[in-house]
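Visitor: What follows is coords-v6.cif, mmCIF, C-alpha atoms and all ligand atoms.
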data_run
loop_
_atom_site.group_PDB
_atom_site.id
_atom_site.type_symbol
_atom_site.label_atom_id
_atom_site.label_comp_id
_atom_site.auth_asym_id
_atom_site.auth_seq_id
_atom_site.Cartn_x
_atom_site.Cartn_y
_atom_site.Cartn_z
ATOM 1 C CA MET A 216 0.000 0.000 0.000
ATOM 2 C CA LEU A 217 2.988 2.311 0.383
ATOM 3 C CA GLU A 218 3.038 2.601 -3.411
ATOM 4 C CA ASN A 219 -0.248 4.576 -3.242
ATOM 5 C CA PHE A 220 1.614 7.480 -1.690
ATOM 6 C CA ASN A 221 3.859 8.348 -4.652
ATOM 7 C CA LEU A 222 6.965 8.808 -2.556
ATOM 8 C CA THR A 223 10.470 8.641 -3.992
ATOM 9 C CA ILE A 224 13.081 7.101 -1.713
ATOM 10 C CA GLN A 225 16.100 9.412 -1.364
ATOM 11 C CA LYS A 226 18.331 7.606 1.086
ATOM 12 C CA ALA A 227 18.347 4.898 3.735
ATOM 13 C CA LEU A 228 18.702 6.098 7.344
ATOM 14 C CA THR A 229 18.659 2.635 8.945
ATOM 15 C CA ALA A 230 17.938 -0.887 7.702
ATOM 16 C CA HIS A 231 14.220 -0.133 8.021
ATOM 17 C CA VAL A 232 13.846 3.639 7.618
ATOM 18 C CA SER A 233 14.293 5.748 4.476
ATOM 19 C CA LEU A 234 14.049 9.429 3.790
ATOM 20 C CA ALA A 235 11.709 10.048 0.855
ATOM 21 C CA SER A 236 10.352 13.002 -1.097
ATOM 22 C CA GLY A 237 6.885 13.683 -2.448
ATOM 23 C CA ASP A 238 6.111 15.217 -5.807
ATOM 24 C CA LYS A 239 5.259 18.569 -4.172
ATOM 25 C CA GLY A 240 8.540 19.070 -2.353
ATOM 26 C CA LEU A 241 7.769 17.675 1.120
ATOM 27 C CA SER A 242 9.945 15.152 2.952
ATOM 28 C CA TYR A 243 8.773 11.874 4.438
ATOM 29 C CA LEU A 244 10.029 8.936 6.451
ATOM 30 C CA VAL A 245 9.149 5.522 5.099
ATOM 31 C CA ILE A 246 9.348 2.627 7.558
ATOM 32 C CA GLN A 247 9.299 -1.016 6.509
ATOM 33 C CA ASN A 248 10.176 -3.657 9.076
ATOM 34 C CA GLU A 249 9.194 -7.246 9.826
ATOM 35 C CA HIS A 250 6.125 -6.065 11.770
ATOM 36 C CA ALA A 251 4.601 -3.295 9.688
ATOM 37 C CA GLU A 252 5.052 -0.462 7.200
ATOM 38 C CA ALA A 253 4.361 3.235 7.677
ATOM 39 C CA ALA A 254 4.869 6.689 6.189
ATOM 40 C CA ILE A 255 5.263 9.931 8.134
ATOM 41 C CA SER A 256 5.469 13.430 6.699
ATOM 42 C CA LEU A 257 7.926 15.808 8.362
ATOM 43 C CA PHE A 258 5.385 18.531 7.607
ATOM 44 C CA GLY A 259 3.132 18.245 10.662
ATOM 45 C CA ALA A 260 4.870 15.055 11.909
ATOM 46 C CA HIS A 261 1.905 13.544 10.171
ATOM 47 C CA LEU A 262 1.511 9.769 10.276
ATOM 48 C CA MET A 263 -0.193 9.068 6.939
ATOM 49 C CA HIS A 264 -0.026 5.326 6.749
ATOM 50 C CA TYR A 265 0.391 2.360 9.089
ATOM 51 C CA GLN A 266 -0.230 -1.226 8.150
ATOM 52 C CA ALA A 267 0.703 -4.133 10.366
ATOM 53 C CA LYS A 268 1.693 -7.345 8.546
ATOM 54 C CA GLY A 269 -1.376 -9.305 7.476
ATOM 55 C CA LYS A 270 -3.765 -6.498 8.458
ATOM 56 C CA HIS A 271 -5.785 -3.933 6.553
ATOM 57 C CA PRO A 272 -4.274 -0.379 6.395
ATOM 58 C CA LEU A 273 -5.325 1.275 9.649
ATOM 59 C CA LEU A 274 -5.590 4.894 8.555
ATOM 60 C CA TRP A 275 -7.763 6.742 6.054
ATOM 61 C CA MET A 276 -6.123 9.425 3.914
ATOM 62 C CA SER A 277 -8.009 11.742 1.609
ATOM 63 C CA HIS A 278 -7.005 11.395 -2.041
ATOM 64 C CA THR A 279 -7.580 15.110 -2.569
ATOM 65 C CA THR A 280 -5.520 16.431 0.326
ATOM 66 C CA ALA A 281 -2.950 19.105 -0.516
ATOM 67 C CA GLN A 282 0.458 17.607 0.143
ATOM 68 C CA ASP A 283 2.365 20.771 -0.624
ATOM 69 C CA GLY A 284 2.767 22.332 2.824
ATOM 70 C CA SER A 285 0.057 24.950 2.211
ATOM 71 C CA LYS A 286 -2.344 23.336 4.706
ATOM 72 C CA PRO A 287 -2.488 20.304 6.994
ATOM 73 C CA PHE A 288 -3.080 16.894 5.451
ATOM 74 C CA ARG A 289 -6.619 15.516 5.592
ATOM 75 C CA GLY A 290 -6.475 12.005 6.996
ATOM 76 C CA GLY A 291 -3.888 9.938 8.851
ATOM 77 C CA VAL A 292 -3.116 11.362 12.284
ATOM 78 C CA PRO A 293 -2.992 15.169 12.353
ATOM 79 C CA ILE A 294 -1.408 16.463 15.559
ATOM 80 C CA CYS A 295 -3.677 19.116 17.046
ATOM 81 C CA TRP A 296 -1.548 21.200 19.411
ATOM 82 C CA PRO A 297 -1.357 23.430 21.486
ATOM 83 C CA TRP A 298 -5.112 23.807 21.195
ATOM 84 C CA PHE A 299 -7.958 21.680 19.897
ATOM 85 C CA GLY A 300 -10.695 23.047 17.630
ATOM 86 C CA PRO A 301 -11.212 26.797 17.428
ATOM 87 C CA SER A 302 -8.608 28.748 19.442
ATOM 88 C CA PRO A 303 -9.894 29.213 23.011
ATOM 89 C CA ASP A 304 -10.205 32.531 24.870
ATOM 90 C CA ASP A 305 -6.944 32.127 26.746
ATOM 91 C CA VAL A 306 -5.074 31.726 23.436
ATOM 92 C CA GLY A 307 -6.999 34.463 21.616
ATOM 93 C CA LEU A 308 -9.988 33.841 19.375
ATOM 94 C CA GLY A 309 -9.779 33.455 15.607
ATOM 95 C CA LYS A 310 -6.457 31.650 15.224
ATOM 96 C CA GLN A 311 -6.101 28.598 12.986
ATOM 97 C CA ALA A 312 -8.178 25.620 14.122
ATOM 98 C CA HIS A 313 -6.377 22.815 15.984
ATOM 99 C CA GLY A 314 -3.214 24.843 16.637
ATOM 100 C CA PHE A 315 -0.094 25.096 14.539
ATOM 101 C CA ALA A 316 1.887 21.871 15.055
ATOM 102 C CA ARG A 317 0.210 20.174 12.090
ATOM 103 C CA ASN A 318 1.232 23.121 9.918
ATOM 104 C CA MET A 319 4.938 23.265 10.631
ATOM 105 C CA ASN A 320 8.031 21.388 9.535
ATOM 106 C CA TRP A 321 9.411 19.073 12.191
ATOM 107 C CA GLN A 322 12.970 17.784 12.564
ATOM 108 C CA ILE A 323 14.159 14.217 12.800
ATOM 109 C CA GLU A 324 15.557 13.789 16.310
ATOM 110 C CA GLY A 325 16.448 10.125 15.820
ATOM 111 C CA VAL A 326 15.380 6.742 14.527
ATOM 112 C CA SER A 327 16.164 3.518 16.341
ATOM 113 C CA GLU A 328 15.532 -0.140 15.803
ATOM 114 C CA LEU A 329 14.051 -1.947 18.819
ATOM 115 C CA ALA A 330 12.911 -5.544 19.246
ATOM 116 C CA GLU A 331 9.250 -4.414 19.100
ATOM 117 C CA GLY A 332 9.718 -2.262 16.016
ATOM 118 C CA THR A 333 11.144 0.983 14.684
ATOM 119 C CA LEU A 334 11.040 4.089 16.855
ATOM 120 C CA VAL A 335 10.855 7.417 15.050
ATOM 121 C CA HIS A 336 11.473 10.522 17.115
ATOM 122 C CA LEU A 337 10.452 13.912 15.703
ATOM 123 C CA LEU A 338 10.872 17.361 17.217
ATOM 124 C CA LEU A 339 9.291 20.794 16.979
ATOM 125 C CA GLU A 340 10.657 23.682 19.035
ATOM 126 C CA SER A 341 9.318 27.144 19.672
ATOM 127 C CA SER A 342 10.340 29.669 17.053
ATOM 128 C CA PRO A 343 9.539 33.301 16.214
ATOM 129 C CA GLU A 344 6.647 31.924 14.106
ATOM 130 C CA SER A 345 5.181 29.863 16.979
ATOM 131 C CA LEU A 346 5.782 32.614 19.545
ATOM 132 C CA ALA A 347 3.739 34.998 17.410
ATOM 133 C CA LEU A 348 0.796 32.577 17.711
ATOM 134 C CA TRP A 349 1.334 31.299 21.246
ATOM 135 C CA PRO A 350 3.717 33.012 23.709
ATOM 136 C CA HIS A 351 5.410 29.942 25.224
ATOM 137 C CA ALA A 352 8.822 28.363 24.821
ATOM 138 C CA PHE A 353 8.483 24.619 24.278
ATOM 139 C CA ARG A 354 9.902 21.385 22.978
ATOM 140 C CA LEU A 355 7.292 19.133 21.397
ATOM 141 C CA GLU A 356 8.370 15.560 20.716
ATOM 142 C CA PHE A 357 6.438 12.985 18.751
ATOM 143 C CA GLU A 358 7.618 9.416 19.121
ATOM 144 C CA VAL A 359 6.049 6.772 16.928
ATOM 145 C CA LEU A 360 6.760 3.098 17.441
ATOM 146 C CA ILE A 361 6.011 1.131 14.297
ATOM 147 C CA GLY A 362 5.623 -2.494 15.283
ATOM 148 C CA ALA A 363 2.853 -5.088 15.391
ATOM 149 C CA GLU A 364 1.327 -2.431 17.642
ATOM 150 C CA LEU A 365 1.382 1.278 16.903
ATOM 151 C CA THR A 366 2.311 3.644 19.723
ATOM 152 C CA MET A 367 2.223 7.417 19.371
ATOM 153 C CA SER A 368 3.517 9.626 22.199
ATOM 154 C CA LEU A 369 3.331 13.394 22.139
ATOM 155 C CA THR A 370 5.445 15.022 24.837
ATOM 156 C CA THR A 371 5.204 18.700 25.663
ATOM 157 C CA THR A 372 8.150 20.159 27.562
ATOM 158 C CA ASN A 373 7.853 23.644 28.948
ATOM 159 C CA THR A 374 11.246 25.257 28.285
ATOM 160 C CA GLY A 375 10.059 28.704 29.401
ATOM 161 C CA ASP A 376 10.016 30.226 32.855
ATOM 162 C CA SER A 377 6.280 30.367 33.491
ATOM 163 C CA GLU A 378 3.545 27.749 33.296
ATOM 164 C CA LEU A 379 1.767 26.911 30.046
ATOM 165 C CA ARG A 380 -1.625 25.380 29.364
ATOM 166 C CA TYR A 381 -2.102 23.162 26.336
ATOM 167 C CA ARG A 382 -4.796 21.101 24.677
ATOM 168 C CA ALA A 383 -4.128 18.497 22.027
ATOM 169 C CA ALA A 384 -5.388 15.580 19.994
ATOM 170 C CA LEU A 385 -4.028 12.690 18.023
ATOM 171 C CA HIS A 386 -6.801 13.252 15.483
ATOM 172 C CA SER A 387 -6.746 9.713 14.039
ATOM 173 C CA TYR A 388 -8.743 9.043 10.868
ATOM 174 C CA PHE A 389 -9.429 5.305 10.751
ATOM 175 C CA ASP A 390 -10.262 3.450 7.569
ATOM 176 C CA THR A 391 -13.540 1.519 7.758
ATOM 177 C CA ARG A 392 -15.264 -1.016 5.531
ATOM 178 C CA ASP A 393 -18.468 1.060 5.694
ATOM 179 C CA THR A 394 -20.368 3.128 8.237
ATOM 180 C CA ALA A 395 -22.469 0.168 9.400
ATOM 181 C CA SER A 396 -19.332 -1.698 10.520
ATOM 182 C CA VAL A 397 -18.257 0.954 13.007
ATOM 183 C CA LYS A 398 -18.759 0.206 16.673
ATOM 184 C CA VAL A 399 -16.871 1.904 19.509
ATOM 185 C CA SER A 400 -16.947 0.941 23.168
ATOM 186 C CA GLY A 401 -15.324 2.466 26.235
ATOM 187 C CA LEU A 402 -16.269 6.044 25.379
ATOM 188 C CA GLY A 403 -17.989 6.634 28.723
ATOM 189 C CA ALA A 404 -21.439 8.123 29.150
ATOM 190 C CA HIS A 405 -21.182 11.895 28.896
ATOM 191 C CA PHE A 406 -20.556 13.725 25.648
ATOM 192 C CA LEU A 407 -20.645 17.251 24.276
ATOM 193 C CA ASP A 408 -22.339 17.288 20.901
ATOM 194 C CA LYS A 409 -20.760 19.930 18.693
ATOM 195 C CA LEU A 410 -23.442 19.523 16.001
ATOM 196 C CA THR A 411 -26.453 20.140 18.244
ATOM 197 C CA LYS A 412 -24.491 22.279 20.731
ATOM 198 C CA SER A 413 -25.908 20.209 23.582
ATOM 199 C CA GLU A 414 -24.839 17.478 25.978
ATOM 200 C CA GLY A 415 -25.814 13.843 25.729
ATOM 201 C CA THR A 416 -25.496 10.441 27.350
ATOM 202 C CA GLN A 417 -24.185 7.372 25.561
ATOM 203 C CA GLN A 418 -26.239 4.339 26.606
ATOM 204 C CA ASP A 419 -24.559 1.456 24.766
ATOM 205 C CA ASP A 420 -21.690 1.152 22.324
ATOM 206 C CA PHE A 421 -21.410 3.941 19.787
ATOM 207 C CA VAL A 422 -22.611 3.045 16.281
ATOM 208 C CA LEU A 423 -22.233 5.297 13.256
ATOM 209 C CA THR A 424 -25.594 6.166 11.702
ATOM 210 C CA ALA A 425 -25.392 9.897 10.961
ATOM 211 C CA ALA A 426 -23.032 12.878 11.006
ATOM 212 C CA VAL A 427 -21.253 12.977 14.354
ATOM 213 C CA ASP A 428 -18.918 15.423 16.102
ATOM 214 C CA ARG A 429 -18.788 14.558 19.787
ATOM 215 C CA VAL A 430 -16.352 15.054 22.626
ATOM 216 C CA TYR A 431 -16.697 12.207 25.140
ATOM 217 C CA THR A 432 -15.501 13.708 28.392
ATOM 218 C CA ASP A 433 -15.226 10.669 30.658
ATOM 219 C CA PRO A 434 -13.761 7.854 28.561
ATOM 220 C CA GLU A 435 -12.218 4.652 29.812
ATOM 221 C CA THR A 436 -8.446 4.347 29.366
ATOM 222 C CA THR A 437 -9.004 1.648 26.755
ATOM 223 C CA VAL A 438 -11.393 2.258 23.888
ATOM 224 C CA THR A 439 -12.206 -0.632 21.558
ATOM 225 C CA PHE A 440 -13.450 -0.193 18.018
ATOM 226 C CA THR A 441 -14.388 -2.292 15.051
ATOM 227 C CA ASN A 442 -13.741 -0.951 11.559
ATOM 228 C CA GLY A 443 -15.327 -3.826 9.639
ATOM 229 C CA TYR A 444 -11.946 -5.460 9.018
ATOM 230 C CA GLU A 445 -10.488 -5.865 12.484
ATOM 231 C CA THR A 446 -11.114 -5.053 16.128
ATOM 232 C CA ILE A 447 -8.623 -2.681 17.662
ATOM 233 C CA GLN A 448 -7.907 -1.618 21.211
ATOM 234 C CA MET A 449 -6.769 1.930 21.697
ATOM 235 C CA GLU A 450 -5.057 2.443 25.031
ATOM 236 C CA ASN A 451 -4.853 6.127 25.812
ATOM 237 C CA GLY A 452 -2.359 7.812 28.102
ATOM 238 C CA ASN A 453 -3.334 11.090 29.805
ATOM 239 C CA ALA A 454 -6.305 11.745 27.515
ATOM 240 C CA ASN A 455 -9.239 13.490 29.214
ATOM 241 C CA SER A 456 -11.547 12.935 26.255
ATOM 242 C CA ILE A 457 -12.168 11.014 23.074
ATOM 243 C CA VAL A 458 -13.536 12.794 20.024
ATOM 244 C CA VAL A 459 -15.654 10.920 17.473
ATOM 245 C CA TRP A 460 -16.189 12.553 14.087
ATOM 246 C CA ASN A 461 -17.669 11.720 10.700
ATOM 247 C CA PRO A 462 -18.880 14.645 8.557
ATOM 248 C CA TRP A 463 -21.351 12.480 6.575
ATOM 249 C CA GLU A 464 -22.248 13.247 2.980
ATOM 250 C CA GLN A 465 -23.047 16.943 3.213
ATOM 251 C CA GLY A 466 -20.182 17.785 5.543
ATOM 252 C CA ALA A 467 -17.700 15.956 3.308
ATOM 253 C CA ALA A 468 -19.020 17.778 0.244
ATOM 254 C CA GLY A 469 -18.329 21.080 1.997
ATOM 255 C CA MET A 470 -14.602 20.335 2.384
ATOM 256 C CA ALA A 471 -12.516 20.779 -0.760
ATOM 257 C CA ASP A 472 -9.861 18.360 0.505
ATOM 258 C CA PHE A 473 -12.225 15.590 1.668
ATOM 259 C CA ASP A 474 -13.033 13.100 -1.132
ATOM 260 C CA SER A 475 -16.796 13.548 -1.351
ATOM 261 C CA ASP A 476 -17.402 9.860 -2.121
ATOM 262 C CA ARG A 477 -15.264 8.425 0.709
ATOM 263 C CA TRP A 478 -16.943 9.639 3.901
ATOM 264 C CA GLN A 479 -18.479 6.151 4.322
ATOM 265 C CA SER A 480 -15.056 4.597 4.736
ATOM 266 C CA MET A 481 -13.724 6.639 7.660
ATOM 267 C CA VAL A 482 -14.299 7.531 11.256
ATOM 268 C CA CYS A 483 -12.168 9.664 13.534
ATOM 269 C CA VAL A 484 -11.687 8.341 17.058
ATOM 270 C CA GLU A 485 -9.313 10.829 18.623
ATOM 271 C CA THR A 486 -7.165 10.646 21.729
ATOM 272 C CA ALA A 487 -7.662 14.122 23.111
ATOM 273 C CA LEU A 488 -6.927 16.613 25.825
ATOM 274 C CA THR A 489 -9.767 19.122 25.566
ATOM 275 C CA GLY A 490 -11.569 21.568 27.863
ATOM 276 C CA GLU A 491 -9.183 22.958 30.453
ATOM 277 C CA GLY A 492 -6.359 20.900 28.938
ATOM 278 C CA GLU A 493 -3.218 20.438 30.995
ATOM 279 C CA ILE A 494 -1.004 22.905 32.807
ATOM 280 C CA VAL A 495 2.722 22.229 32.482
ATOM 281 C CA THR A 496 4.940 24.150 34.882
ATOM 282 C CA ALA A 497 8.299 25.608 33.844
ATOM 283 C CA GLY A 498 10.836 22.871 33.183
ATOM 284 C CA ASP A 499 8.221 20.123 33.388
ATOM 285 C CA GLU A 500 6.824 17.814 30.708
ATOM 286 C CA HIS A 501 3.575 16.005 29.944
ATOM 287 C CA THR A 502 2.792 13.173 27.498
ATOM 288 C CA LEU A 503 -0.404 12.342 25.622
ATOM 289 C CA SER A 504 -0.267 8.890 24.056
ATOM 290 C CA ALA A 505 -2.164 6.172 22.258
ATOM 291 C CA THR A 506 -1.279 2.538 21.632
ATOM 292 C CA LEU A 507 -3.263 0.687 18.970
ATOM 293 C CA ARG A 508 -3.368 -3.051 19.222
ATOM 294 C CA TYR A 509 -5.260 -5.608 17.143
ATOM 295 C CA ILE A 510 -7.348 -7.968 19.234
ATOM 296 C CA ALA A 511 -9.305 -9.668 16.455
HETATM 297 O O1 LIG B 601 -12.253 16.454 15.701
HETATM 298 C C1 LIG B 601 -13.402 16.829 15.036
HETATM 299 C C2 LIG B 601 -13.187 18.207 14.434
HETATM 300 O O2 LIG B 601 -12.830 19.118 15.439
HETATM 301 C C3 LIG B 601 -14.469 18.592 13.706
HETATM 302 O O3 LIG B 601 -15.172 19.628 14.347
HETATM 303 C C4 LIG B 601 -14.035 18.857 12.296
HETATM 304 O O4 LIG B 601 -14.042 20.156 11.928
HETATM 305 C C5 LIG B 601 -12.679 18.158 12.222
HETATM 306 O O5 LIG B 601 -12.131 18.182 13.490
HETATM 307 C C6 LIG B 601 -11.696 18.563 11.154
HETATM 308 O O6 LIG B 601 -11.091 19.781 11.415
HETATM 309 P P1 LIG B 601 -10.128 20.428 10.330
HETATM 310 O O7 LIG B 601 -9.643 21.716 10.942
HETATM 311 O O8 LIG B 601 -9.027 19.457 10.088
HETATM 312 O O9 LIG B 601 -10.965 20.641 9.100
#
In structure tokens, how does this file's structure come out?
Guide:
Amino acid sequence: MLENFNLTIQKALTAHVSLASGDKGLSYLVIQNEHAEAAISLFGAHLMHYQAKGKHPLLWMSHTTAQDGSKPFRGGVPICWPWFGPSPDDVGLGKQAHGFARNMNWQIEGVSELAEGTLVHLLLESSPESLALWPHAFRLEFEVLIGAELTMSLTTTNTGDSELRYRAALHSYFDTRDTASVKVSGLGAHFLDKLTKSEGTQQDDFVLTAAVDRVYTDPETTVTFTNGYETIQMENGNANSIVVWNPWEQGAAGMADFDSDRWQSMVCVETALTGEGEIVTAGDEHTLSATLRYIA
């Protein structure tokens, strides 16, 4: 499936990791090991593809996404940081949705081969550009372990001298056989419904029957979902919420970079830190993480 991404290998970094380029000038890491294959864009530290051996590709990517650095990719796992959704009051209203980390070029901090898989370590640091949007010095590290399991860890280090507050999401777009196949459990009862601007209570497992944009505010640590191909456990670290999103037909048609005929084959189930987010004191760090594991 890597061939669908039109990447040209430039050079090998390790036995299992290569640096590649896209046809619109962006750089990528391509990982192929005995457990899985994956592709990550350095623009946004964006995991676009992950496929464990013998399994269906886990992530949905839009075929019409701009991959030229002009806007974030649609699909895969956008990193929303240091805010989620519209910019909150304490950041200043009207800034770009979901923060700026998905819109910036990240550096390769290291790649290492471990028994469980390949660990890719990417880094974004505060810069004049970030400080103009958000007045905090930081180191943001994204570590992705590509093995039979997929682990993503996003660590925020406060390198300034006063506390910072951040919100974030690993905004995962999962590929699905169809909408009827989607079932999610472990979301907890309470949710904020962004479509109806009201609150609701989840009685049973979540099933996908209509447009949805919900923030579940009291999830279990482990969320389990079925995509019609496999059943996957998502073990979340330090998330205070899980977001579930599918724009449905009309919503997809309203987004230029969302293939209008492919909304039936995706659902976002996002590991998130929303609401009040997390306060990180000067010199301290905090990690939001998700491990995805096939259980059937
Ligand atoms: O996580 C769901 C959501 O916040 C939705 O409200 C929807 O707008 C989606 O993210 C995509 O946001 P984007 O800024 O990538 O178009």
Visitor: Could you give me the residues within 9 Å of ligand LIG 601 (chain B), counting all atoms listed in the file, as number ranges by chain?
Guide: A: 287-290, 293, 295, 299-301, 311-313, 384, 386-387, 409-410, 427-430, 458-462, 470, 472, 483-485
Visitor: Would you mind telling me which residue in A:Asp408, A:Glu445, A:Glu500, A:Asp305 lies nearest to Arg392 of chain A when using all atoms listed in the file?
Guide: A:Glu445
Visitor: Adding 4 Å on each side of the box along x, y and z that holds all listed atoms of segment 429-442 of chain A, could you give its centre and edge lengths in Å to one decimal, as AutoDock Vina command-line options?
Guide:
--center_x -13.6 --center_y 6.4 --center_z 21.1 --size_x 18.3 --size_y 25.3 --size_z 27.1
Visitor: Name the residues that the PyMOL selection byres (((chain A and resi 323-329) around 9) and not hetatm) picks from the file above, as a compact mmCIF listing (two decimals) with C-alpha atoms, in the frame of the given file, using the file's chain letters and numbers.
Guide:
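File produced: expr.txt:
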# COMPACT_ATOMS: atom_id res chain seq x y z
CA LEU A 228 18.70 6.10 7.34
CA THR A 229 18.66 2.64 8.94
CA ALA A 230 17.94 -0.89 7.70
CA HIS A 231 14.22 -0.13 8.02
CA VAL A 232 13.85 3.64 7.62
CA LEU A 257 7.93 15.81 8.36
CA TRP A 321 9.41 19.07 12.19
CA GLN A 322 12.97 17.78 12.56
CA ALA A 330 12.91 -5.54 19.25
CA GLU A 331 9.25 -4.41 19.10
CA GLY A 332 9.72 -2.26 16.02
CA THR A 333 11.14 0.98 14.68
CA LEU A 334 11.04 4.09 16.86
CA VAL A 335 10.86 7.42 15.05
CA HIS A 336 11.47 10.52 17.11
CA LEU A 337 10.45 13.91 15.70
CA LEU A 338 10.87 17.36 17.22
CA GLU A 356 8.37 15.56 20.72
CA LEU A 360 6.76 3.10 17.44
Visitor: Find the residue from A:Phe473, A:Phe357, A:Trp463, A:Trp296 that sits nearest to Ala487 of chain A; use only C-alpha atoms when measuring.
Guide: A:Trp296
Visitor: Atom CA of Gly375 of chain A and atom CA of Pro303 of chain A, how far apart in Å?
Guide: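 Computing it gives 21.0 Å between the two atoms.
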Visitor: Just give me the gap between atom CA of Lys268 of chain A and atom CA of Ala251 of chain A in Å, one decimal is fine.
Guide: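 Interatomic distance here is 5.1 Å.
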Visitor: Could you list, as an NGL selection string, every residue matched by the PyMOL selection byres (((chain A and resi 432) around 9) and not hetatm) in this structure?
Guide: :A and (402-407 or 430-431 or 433-434 or 455-458 or 489-490)
Visitor: For the atom pair atom CA of His261 of chain A and atom CA of Arg317 of chain A, what is the interatomic distance in Å to one decimal place?
Guide: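 Going from atom CA of His261 of chain A over to atom CA of Arg317 of chain A, I get 7.1 Å.
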Visitor: Evaluating the PyMOL selection byres (((chain A and resi 279) around 8) and not hetatm) on the displayed file yields which residues, as a PyMOL selection string?
Guide: chain A and resi 277-278+280-281+471-474
Visitor: Smallest atom-to-atom distance to Asp393 of chain A: which of A:Ser504, A:Asn442, A:Ser302, A:Gln465, using only C-alpha atoms?
Guide: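 Counting only C-alpha atoms, the residue closest to Asp393 of chain A is A:Asn442.
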Visitor: Go through A:Ala347, A:Val397, A:Leu273, A:Val422 and flag the residue nearest Gly443 of chain A, using all atoms listed in the file for the distances.
Guide: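 Of A:Ala347, A:Val397, A:Leu273, A:Val422, the one nearest Gly443 of chain A is A:Val397, counting all atoms listed in the file.
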Visitor: Using only C-alpha atoms, determine which residues lie at most 10 Å from Asp476 of chain A, disregarding the query and same-chain residues fewer than 4 positions distant; provide the list as a CSV table (one decimal) with C-alpha atoms, in the frame of the given file.
Guide:
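Final output, around29.csv:
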chain,number,residue,atom,x,y,z
A,463,TRP,CA,-21.4,12.5,6.6
A,464,GLU,CA,-22.2,13.2,3.0
A,467,ALA,CA,-17.7,16.0,3.3
A,468,ALA,CA,-19.0,17.8,0.2
A,480,SER,CA,-15.1,4.6,4.7
Visitor: Looking at only C-alpha atoms, which of A:Thr391, A:Thr424, A:Asn221, A:Gln266 is the one that sits closest to Ile246 of chain A?
Guide: A:Gln266
Visitor: List as JSON, numbers by chain: which residues have an atom within 10 Å of (3.4, 16.0, 8.6), counting only C-alpha atoms?
Guide: {"A": [241, 242, 243, 244, 254, 255, 256, 257, 258, 259, 260, 261, 262, 263, 282, 284, 287, 288, 291, 292, 293, 294, 316, 317, 318, 319, 320, 321]}
